[in-house]
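Read through the structure below, which is laid out as structure tokens, and then see the notes.
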Amino acid sequence: MQGRPAAGWDGRAAAEPAHALPPRAHAPHPALERLAALAARSLSAASARAELTEDGEPTGAGARVGLLAPVDALLTATALAAAPLVVADARADERWTALPAVTSGVVGSFLGVPVRGTDARVVGVLAVFDPVPRRWTRTDVDLLTDLAAVAVGELRLSALAVQHEVDRLRWRLAVAAGGVGSFDYDLASGAISWDERMLEMFGYSAAEFDGSLAAFDARVHPDDLPRVHESIAAAVEGGAPFQAEYRVLLPSGETRWITARGEVLRDESGRPLRLLGAGYDTTAARGDDARVARVLESMPTAFYSVDREWRFTYVNAEAERLLQRSREELLGRDVWELYPDAVGTSFDAEFRRALRTGEPVAFEAHYPPPLDGWFEVRAWPDPDGLSVYFLDVTARRAAQEDAERTARRLELVATVSSDLVATLDAQEAVARLARHVVPALARWSIVTLVDETGTMRDIGSWHAQEELREVADAYRRARLVGLSPGSPLLRARPGLEPVTIASDATRRVGAVLAPPARALLEQLAPEWAYVLPLRARGRLLGMMTLYRCPQDGPLSQQDLTTAVQVADRAGLALDNASLYARQQHVAEGLQRSLLTPPVEPDHLEVRVRYRPAARAVQVGGDWYDSFLQPDGGTVLVIGDVMGHDVDAAAAMSQVRSLLRGIAYSSGGSPAAVLSTLDATMRGLAVATTATAVVARLEQTGTEREEGVTRLRWSNAGHLPPVLLRPDGTVAELTSGEPDLLLGIAPHLPRRDGHVRLERGSTLLLFTDGLVERRGQDIDEGLTRLRSVVTELAHADLDDLCDAILDRLLPPEPEDDVALVAVRLHPQDGPRPQVAGPHVLPDDLPLPGP
């Protein structure tokens with residue numbers, strides 16, 4: 001790499017980037033695919049690449065997530081620099097502007113880090129990129145570097161797993177090469193079961209052998225047959241192990257020597273059930289186990305055997321190495337005397353179980369020093385004792401545990417990030433930090449907020465031990481009272497840097513506390529304390545204090561880095577929440593300033609509600625209105641201008657003001673008001689579209705005497721009003737299809753609908769945010785609304801309005817909502833001259849529906 005200067009973490013280097021490499025065949029690797037996906041998700045990036053390299057060049061082996069952009073030049077630059085490459089704006093960086101991935105708009109920003117092997121050599125690159133520019137932070141670089149370390153662990157673990165399987169396969173092939181066969185003699189039925197090797201040794205095919213004792217006898221040499229039967233009888237009747245060596249006469253006339261060993265399996269009463277065993281061909285070296293010994297010596301797996309007195313009877317070369325003793329030291333000696341630390345462990349329990357049950361066992365266990373390692377063990381009992389095969393899996397276990405620790409750290413960062421963005425109440429989410437970091441990073445923890453004046457407030461604590469949680473919470477409430485200037489909290493506040501108490505934390509922290517807090521701290525007895533600032537944009541917003549006890553040990557550097565990342569994310573969440581709260585407060589105040597209080601004329605009760613969208617910081621286009629016309633008629637309006645921004649709010653204000661002026665000055669019917677408004681919007685170039693319902697409450701003298709009120713309304717593409725009658729029935733007010741929206745076709749005529757309302761009736765006008773949302777269509781929402789109104793038919797109007805919003809809206813509504821509710825009360829006195837509903841002449845013709 002001579003001639004190529006190393007880049008710093010911010011990606012600055014004097015050398016020109018390498019030219020893009022020609023496309024290569026993509027060879028996905030499962031471990032790298034998982035890490036690429038985790039990198040994209042953890043850094044919220046559109047795409048990610050995890051690529052193995054050789055001499056700085058991508059090999060094509062790796063994984064891709066997101067867009068398949070030609071970023072080999074960036075990967076090569078990262079590998080050759082052997083340092084993180086950070087590109088905030090690729091289109092503005094002259095090193096990369098000409099890359100096809102940049103000119104095509106696929107790569108706007110790039111972050112890559114080298115993946116190093118165990119010898120510190122760069123073996124790959126892990127990178128994320130977005131189509132838009134992005135300012136990468138130091139925390140982003142640290143997180144991607146941690147993921148690169150996971151890549152090395154995953155690859156090491158994968159390689160060790162492959163080697164482990166190779167060793168196991170070599171062992172199985174070695175056993176097969178020894179020519180060992182197995183048999184199972186059912187003593188009740190007389191059926192004999194042989195494996196393929198036993199069939200081969202006796203010269204039978206699977207079809208020829210009928211599984212009978214007669215078939216066995218037919219092949220055994222007549223001179224040896226009585227002795228074999230005697231051995232079987234001795235094993236069955238006397239309980240001795242079955243041992244026999246005999247000749248087999250094959251149909252071809254060839255003679256073979258077979259050595260067999262077995263044991264009788266009995267039921268709980270001692271009745272013999274089966275004779276199980278194994279046999280092997282000893283023709284080539286009769287009476288000598290030299291061949292088997294050669295196989296065992298050549299095995300890469302450690303093997304030893306012990307007799308029923310637990311004395312070593314055989315040890316191969318690999319077992320000598322792992323057991324750290326020579327054969328001379330082992331053979332004939334008691335295994336438990338030589339290795340007393342194994343007594344009472346899994347080795348002891350499993351080995352004895354194998355001899356007791358006659359069944360093989362397999363397990364993984366750790367043996368303390370002097371062996372000090374993890375072993376995968378398989379043991380088979382036989383009439384002579386126990387045969388044990390074992391592999392040293394310490395390296396595999398260490399790689400697996402390292403990968404699991406790194407994965408837990410990354411999972412903690414991801415969980416905290418997810419929790420912080422899952423709610424708009426950032427203070428509540430930050431308070432839960434104490435639970436997230438315990439016990440992963442600390443025995444117990446306290447989270448503190450710092451306001452703009454520098455005042456500190458502890459908002460959350462958690463202890464790993466349930467019985468100490470109340471003590472930790474009491475300490476949280478007491479520790480800020482009378483805090484002296486030497487406190488770690490006060491030391492951490494000005495510099496925005498972590499403060500560590502490396503030992504004796506109980507004494508050193510207690511020295512700066514008031515007596516009540518000191519007594520509580522002594523019950524908790526921390527040995528180490530870490531104060532981490534929650535910071536964002538150069539401001540201190542809070543602190544997270546981690547406490548570790550003597551049995552925990554201090555934080556590792558990797559864990560401390562994780563804790564800093566968690567604190568940084570919490571600080572950013574607090575800052576974003578504060579900014580959002582201020583913006584939302586301004587937006588909601590502006591929206592409400594555009595809406596006036598409703599009038600409440602004679603014997604009418606009018607209530608209005610406005611609920612802004614939870615996640616929008618912009619004013620919306622929903623509005624309501626309620627006012628009197630000069631003749632005393634009561635006009636009700638609900639409307640929605642398209643859009644959710646300042647332009648929509650401005651358009652809403654114009655449309656609302658125009659409608660209010662037209663309705664007041666003209667005194668016209670709702671249809672006439674909407675027609676005039678539509679034409680006025682076209683004439684004044686109010687470039688927007690809107691839905692609206694205009695309703696007017698009026699009476700003739702006869703209707704007043706009858707105690708009814710006439711409601712006229714006209715609907716410009718809006719949801720129909722809902723009417724709750726005095727008898728509790730609910731209906732939607734429709735007069736055929738609604739007319740077109742405002743701002744579409746002002747020349748088309750509009751219609752009025754009308755209905756007679758009894759006293760006690762309730763009318764509801766609302767915008768679509770009440771009944772429509774993601775995953776729920778309008779019809780379903782209207783059905784829910786009718787159900788709630790029916791259930792609460794007899795509630796007072798305020799309770800009805802509040803219950804409708806509480807039951808129909810989610811905790812964080814996606815759209816703003818306006819609601820107008822009107823209830824007609826009995827008319828029991830003279831009507832004021834300035835209040836409606838308007839009384840019409842009895843002979844005035846009323847329009848049809």
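Simple scheme: letters A, B, ... for chains in structure tokens order, numbers from 1 for residues in each chain, numbers from 1 for ligands in the order shown.
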Please provide as a list of chain:residue names all residues within 7 Å of A:Ala821, with the sequence filter that same-chain residues fewer than 4 positions apart are discarded (counting only C-alpha atoms).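 Contacts, in chain order: A:Val606, A:Arg607, A:Val608, A:Thr762, A:Leu763, A:Leu764, A:Leu765.
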From a DSSP calculation on the backbone, collect every residue of stretch 329-499 of chain A in helix (DSSP H, G or I) and output the set as a VMD selection string. chain A and resid 329 to 330 335 to 338 340 to 342 346 to 357 394 to 421 426 to 431 433 to 437 466 to 478 488 to 495
Which of stretch 297-542 of chain A counts as strand (DSSP E or B) under DSSP, as an MDAnalysis selection string please? chainID A and resid 302:307 311:315 331 334 361:367 373:382 385:392 444:450 456:463 499:501 528:536 539:542
With only C-alpha atoms as the basis for distance, which of A:Val123, A:Leu483, A:Ala82, A:Ala92 is at the shortest distance from A:Ser109?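 Looking at the shortest contact to A:Ser109, the residue is A:Ala92.
Nearest-residue note for A:Leu35: choosing from A:Ala149, A:Ala573, A:Val107, A:Val343, the minimum distance belongs to A:Ala149, counting only C-alpha atoms.
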Would you work out the distance separating atom CA of A:Glu772 from atom CA of A:Val655, expressed in Å to one decimal?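 Rounded to one decimal, the two atoms are 23.5 Å apart.
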Write out as a list of chain:residue names each polymer residue whose atoms come within 9 Å of A:Val228, counting only C-alpha atoms; drop sequence neighbours fewer than 2 positions from it.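 In the requested form, the answer reads A:Val220, A:Asp224, A:Leu225, A:Pro226, A:Glu230, A:Ser231, A:Ile232, A:Ala233, A:Gln243, A:Ala244, A:Glu245, A:Tyr246.
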For the residues selected in the previous step, produce a file with N, CA, C and O atoms as a JSON list (two decimals), in the first residue's frame.
[["chain", "number", "residue", "atom", "x", "y", "z"],
["A", 220, "VAL", "N", -21.23, -70.10, 11.91],
["A", 220, "VAL", "CA", -20.16, -70.29, 12.89],
["A", 220, "VAL", "C", -19.54, -71.68, 12.70],
["A", 220, "VAL", "O", -20.23, -72.69, 12.47],
["A", 224, "ASP", "N", -16.41, -74.28, 17.01],
["A", 224, "ASP", "CA", -16.49, -73.13, 17.92],
["A", 224, "ASP", "C", -17.91, -72.88, 18.43],
["A", 224, "ASP", "O", -18.08, -72.11, 19.40],
["A", 225, "LEU", "N", -18.91, -73.49, 17.79],
["A", 225, "LEU", "CA", -20.29, -73.17, 18.11],
["A", 225, "LEU", "C", -20.65, -73.46, 19.57],
["A", 225, "LEU", "O", -21.28, -72.62, 20.23],
["A", 226, "PRO", "N", -20.29, -74.65, 20.15],
["A", 226, "PRO", "CA", -20.63, -74.89, 21.56],
["A", 226, "PRO", "C", -20.05, -73.83, 22.49],
["A", 226, "PRO", "O", -20.72, -73.37, 23.42],
["A", 230, "GLU", "N", -22.07, -71.30, 24.96],
["A", 230, "GLU", "CA", -21.79, -71.25, 26.40],
["A", 230, "GLU", "C", -21.54, -69.81, 26.86],
["A", 230, "GLU", "O", -21.98, -69.40, 27.95],
["A", 231, "SER", "N", -20.84, -69.04, 26.03],
["A", 231, "SER", "CA", -20.59, -67.64, 26.39],
["A", 231, "SER", "C", -21.89, -66.85, 26.43],
["A", 231, "SER", "O", -22.09, -65.99, 27.30],
["A", 232, "ILE", "N", -22.80, -67.11, 25.47],
["A", 232, "ILE", "CA", -24.09, -66.43, 25.47],
["A", 232, "ILE", "C", -24.88, -66.80, 26.72],
["A", 232, "ILE", "O", -25.45, -65.93, 27.40],
["A", 233, "ALA", "N", -24.90, -68.12, 27.06],
["A", 233, "ALA", "CA", -25.65, -68.57, 28.23],
["A", 233, "ALA", "C", -25.07, -67.97, 29.51],
["A", 233, "ALA", "O", -25.81, -67.57, 30.43],
["A", 243, "GLN", "N", -18.28, -62.35, 25.88],
["A", 243, "GLN", "CA", -17.01, -62.24, 25.16],
["A", 243, "GLN", "C", -16.80, -63.55, 24.40],
["A", 243, "GLN", "O", -16.96, -64.62, 24.97],
["A", 244, "ALA", "N", -16.49, -63.38, 23.13],
["A", 244, "ALA", "CA", -16.29, -64.59, 22.34],
["A", 244, "ALA", "C", -15.40, -64.29, 21.15],
["A", 244, "ALA", "O", -15.44, -63.19, 20.60],
["A", 245, "GLU", "N", -14.59, -65.28, 20.79],
["A", 245, "GLU", "CA", -13.80, -65.20, 19.58],
["A", 245, "GLU", "C", -13.98, -66.51, 18.85],
["A", 245, "GLU", "O", -13.78, -67.59, 19.41],
["A", 246, "TYR", "N", -14.40, -66.44, 17.59],
["A", 246, "TYR", "CA", -14.77, -67.66, 16.87],
["A", 246, "TYR", "C", -14.54, -67.46, 15.38],
["A", 246, "TYR", "O", -14.32, -66.34, 14.89]]
Which residues are near A:Pro630? Cut-off 9 Å, only C-alpha atoms, ignore same chain within fewer than 3 positions. Put them as a list of chain:residue names.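 Everything that qualifies: A:Gly633, A:Tyr664, A:Ser665, A:Gly667, A:Val834.
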Keeping only all heavy atoms, write those residues as a PDB file, in the first residue's frame.
ATOM      1  N   GLY A 633     -81.033  33.334  12.697  1.00  0.00           N
ATOM      2  CA  GLY A 633     -80.739  31.947  12.347  1.00  0.00           C
ATOM      3  C   GLY A 633     -79.350  31.542  12.834  1.00  0.00           C
ATOM      4  O   GLY A 633     -78.407  32.341  12.822  1.00  0.00           O
ATOM      5  N   TYR A 664     -73.251  35.648   6.682  1.00  0.00           N
ATOM      6  CA  TYR A 664     -73.813  36.704   7.539  1.00  0.00           C
ATOM      7  C   TYR A 664     -74.498  37.781   6.701  1.00  0.00           C
ATOM      8  O   TYR A 664     -75.604  38.232   7.014  1.00  0.00           O
ATOM      9  CB  TYR A 664     -72.716  37.322   8.391  1.00  0.00           C
ATOM     10  CG  TYR A 664     -73.242  38.344   9.373  1.00  0.00           C
ATOM     11  CD1 TYR A 664     -73.766  37.939  10.594  1.00  0.00           C
ATOM     12  CD2 TYR A 664     -73.223  39.711   9.056  1.00  0.00           C
ATOM     13  CE1 TYR A 664     -74.259  38.862  11.495  1.00  0.00           C
ATOM     14  CE2 TYR A 664     -73.716  40.639   9.949  1.00  0.00           C
ATOM     15  CZ  TYR A 664     -74.249  40.228  11.173  1.00  0.00           C
ATOM     16  OH  TYR A 664     -74.744  41.147  12.045  1.00  0.00           O
ATOM     17  N   SER A 665     -73.830  38.197   5.611  1.00  0.00           N
ATOM     18  CA  SER A 665     -74.365  39.324   4.840  1.00  0.00           C
ATOM     19  C   SER A 665     -75.545  38.925   3.968  1.00  0.00           C
ATOM     20  O   SER A 665     -76.482  39.706   3.763  1.00  0.00           O
ATOM     21  CB  SER A 665     -73.261  39.930   3.980  1.00  0.00           C
ATOM     22  OG  SER A 665     -72.776  38.968   3.053  1.00  0.00           O
ATOM     23  N   GLY A 667     -77.571  36.105   4.356  1.00  0.00           N
ATOM     24  CA  GLY A 667     -78.678  35.431   5.035  1.00  0.00           C
ATOM     25  C   GLY A 667     -79.258  34.299   4.214  1.00  0.00           C
ATOM     26  O   GLY A 667     -80.371  33.843   4.475  1.00  0.00           O
ATOM     27  N   VAL A 834     -82.196  38.590  19.418  1.00  0.00           N
ATOM     28  CA  VAL A 834     -80.904  38.448  18.745  1.00  0.00           C
ATOM     29  C   VAL A 834     -80.436  37.000  18.677  1.00  0.00           C
ATOM     30  O   VAL A 834     -79.327  36.729  18.294  1.00  0.00           O
ATOM     31  CB  VAL A 834     -79.832  39.279  19.473  1.00  0.00           C
ATOM     32  CG1 VAL A 834     -80.157  40.748  19.365  1.00  0.00           C
ATOM     33  CG2 VAL A 834     -79.708  38.841  20.931  1.00  0.00           C
TER      34      VAL A 834
END
Neighbour list for A:His754 as a PDB file with all heavy atoms, in the first residue's frame, cut-off 7 Å, only C-alpha atoms, skip fewer than 3 positions in-chain:
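Done, and the output landed in out.pdb:
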ATOM      1  N   ARG A 710     -86.324  23.180  12.396  1.00  0.00           N
ATOM      2  CA  ARG A 710     -85.961  22.711  11.056  1.00  0.00           C
ATOM      3  C   ARG A 710     -84.453  22.921  10.860  1.00  0.00           C
ATOM      4  O   ARG A 710     -83.927  23.994  11.158  1.00  0.00           O
ATOM      5  CB  ARG A 710     -86.748  23.473  10.000  1.00  0.00           C
ATOM      6  CG  ARG A 710     -86.413  23.053   8.560  1.00  0.00           C
ATOM      7  CD  ARG A 710     -87.343  23.721   7.586  1.00  0.00           C
ATOM      8  NE  ARG A 710     -88.718  23.270   7.768  1.00  0.00           N
ATOM      9  CZ  ARG A 710     -89.229  22.201   7.151  1.00  0.00           C
ATOM     10  NH1 ARG A 710     -88.480  21.507   6.321  1.00  0.00           N
ATOM     11  NH2 ARG A 710     -90.472  21.841   7.368  1.00  0.00           N
ATOM     12  N   LEU A 711     -83.824  21.865  10.376  1.00  0.00           N
ATOM     13  CA  LEU A 711     -82.402  21.936  10.050  1.00  0.00           C
ATOM     14  C   LEU A 711     -82.236  21.855   8.543  1.00  0.00           C
ATOM     15  O   LEU A 711     -82.682  20.896   7.909  1.00  0.00           O
ATOM     16  CB  LEU A 711     -81.635  20.777  10.697  1.00  0.00           C
ATOM     17  CG  LEU A 711     -80.159  20.659  10.282  1.00  0.00           C
ATOM     18  CD1 LEU A 711     -79.336  21.797  10.855  1.00  0.00           C
ATOM     19  CD2 LEU A 711     -79.578  19.321  10.724  1.00  0.00           C
ATOM     20  N   ARG A 712     -81.650  22.908   7.940  1.00  0.00           N
ATOM     21  CA  ARG A 712     -81.248  22.869   6.533  1.00  0.00           C
ATOM     22  C   ARG A 712     -79.736  22.682   6.482  1.00  0.00           C
ATOM     23  O   ARG A 712     -79.012  23.280   7.277  1.00  0.00           O
ATOM     24  CB  ARG A 712     -81.579  24.192   5.833  1.00  0.00           C
ATOM     25  CG  ARG A 712     -83.014  24.478   5.556  1.00  0.00           C
ATOM     26  CD  ARG A 712     -83.045  25.738   4.717  1.00  0.00           C
ATOM     27  NE  ARG A 712     -84.319  26.388   4.781  1.00  0.00           N
ATOM     28  CZ  ARG A 712     -84.992  26.796   3.709  1.00  0.00           C
ATOM     29  NH1 ARG A 712     -84.482  26.611   2.512  1.00  0.00           N
ATOM     30  NH2 ARG A 712     -86.149  27.402   3.842  1.00  0.00           N
ATOM     31  N   TRP A 713     -79.291  21.907   5.540  1.00  0.00           N
ATOM     32  CA  TRP A 713     -77.842  21.762   5.375  1.00  0.00           C
ATOM     33  C   TRP A 713     -77.499  21.498   3.927  1.00  0.00           C
ATOM     34  O   TRP A 713     -78.348  21.040   3.139  1.00  0.00           O
ATOM     35  CB  TRP A 713     -77.306  20.625   6.250  1.00  0.00           C
ATOM     36  CG  TRP A 713     -77.536  19.233   5.695  1.00  0.00           C
ATOM     37  CD1 TRP A 713     -76.703  18.515   4.920  1.00  0.00           C
ATOM     38  CD2 TRP A 713     -78.717  18.435   5.863  1.00  0.00           C
ATOM     39  NE1 TRP A 713     -77.244  17.308   4.603  1.00  0.00           N
ATOM     40  CE2 TRP A 713     -78.493  17.220   5.174  1.00  0.00           C
ATOM     41  CE3 TRP A 713     -79.934  18.631   6.525  1.00  0.00           C
ATOM     42  CZ2 TRP A 713     -79.447  16.210   5.114  1.00  0.00           C
ATOM     43  CZ3 TRP A 713     -80.879  17.620   6.477  1.00  0.00           C
ATOM     44  CH2 TRP A 713     -80.627  16.421   5.781  1.00  0.00           C
ATOM     45  N   PRO A 849     -86.400  17.639   0.169  1.00  0.00           N
ATOM     46  CA  PRO A 849     -85.099  17.047   0.463  1.00  0.00           C
ATOM     47  C   PRO A 849     -84.241  16.929  -0.768  1.00  0.00           C
ATOM     48  O   PRO A 849     -84.727  16.848  -1.868  1.00  0.00           O
ATOM     49  CB  PRO A 849     -85.446  15.670   1.033  1.00  0.00           C
ATOM     50  CG  PRO A 849     -86.859  15.422   0.695  1.00  0.00           C
ATOM     51  CD  PRO A 849     -87.512  16.725   0.341  1.00  0.00           C
TER      52      PRO A 849
END
Which residues are near A:Ala692? Cut-off 6 Å, only C-alpha atoms, ignore same chain within fewer than 2 positions. Put them as a PDB file with N, CA and C atoms, in the first residue's frame.
ATOM      1  N   ILE A 638     -68.624  22.999   9.419  1.00  0.00           N
ATOM      2  CA  ILE A 638     -67.445  22.138   9.605  1.00  0.00           C
ATOM      3  C   ILE A 638     -66.762  22.030   8.259  1.00  0.00           C
ATOM      4  N   GLY A 639     -65.421  22.094   8.214  1.00  0.00           N
ATOM      5  CA  GLY A 639     -64.745  22.058   6.921  1.00  0.00           C
ATOM      6  C   GLY A 639     -63.322  21.556   7.037  1.00  0.00           C
ATOM      7  N   ALA A 716     -70.712  19.886   0.771  1.00  0.00           N
ATOM      8  CA  ALA A 716     -69.758  20.009  -0.336  1.00  0.00           C
ATOM      9  C   ALA A 716     -68.658  18.964  -0.171  1.00  0.00           C
ATOM     10  N   HIS A 718     -68.207  16.583   1.967  1.00  0.00           N
ATOM     11  CA  HIS A 718     -67.754  16.285   3.315  1.00  0.00           C
ATOM     12  C   HIS A 718     -68.464  15.050   3.860  1.00  0.00           C
TER      13      HIS A 718
END
Selection near A:Thr415, 10 Å with only C-alpha atoms, sequence-local residues under 5 positions removed, as a list of chain:residue names: A:Ser42, A:Arg409, A:Leu410, A:Leu420, A:His436, A:Val566
Could you turn the residues from that selection into a file that holds C-alpha atoms, as an mmCIF file, in the first residue's frame?
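What follows is the written file result_24.cif:
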data_model
loop_
_atom_site.group_PDB
_atom_site.id
_atom_site.type_symbol
_atom_site.label_atom_id
_atom_site.label_comp_id
_atom_site.auth_asym_id
_atom_site.auth_seq_id
_atom_site.Cartn_x
_atom_site.Cartn_y
_atom_site.Cartn_z
ATOM 1 C CA SER A 42 -28.708 0.163 13.370
ATOM 2 C CA ARG A 409 -24.172 -4.842 23.234
ATOM 3 C CA LEU A 410 -25.515 -4.054 19.777
ATOM 4 C CA LEU A 420 -36.588 6.331 22.450
ATOM 5 C CA HIS A 436 -32.282 -1.115 29.806
ATOM 6 C CA VAL A 566 -26.605 4.661 24.618
#
Which one is closest to A:Arg396: A:Leu275, A:Glu364, A:Arg507, A:Asp130? Count only C-alpha atoms.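 Of all the options, A:Glu364 lies closest to A:Arg396.
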Kindly indicate which residue among A:Arg656, A:Asp93, A:Leu805, A:Arg266 lies nearest to A:Arg609, using only C-alpha atoms for the distances. A:Leu805
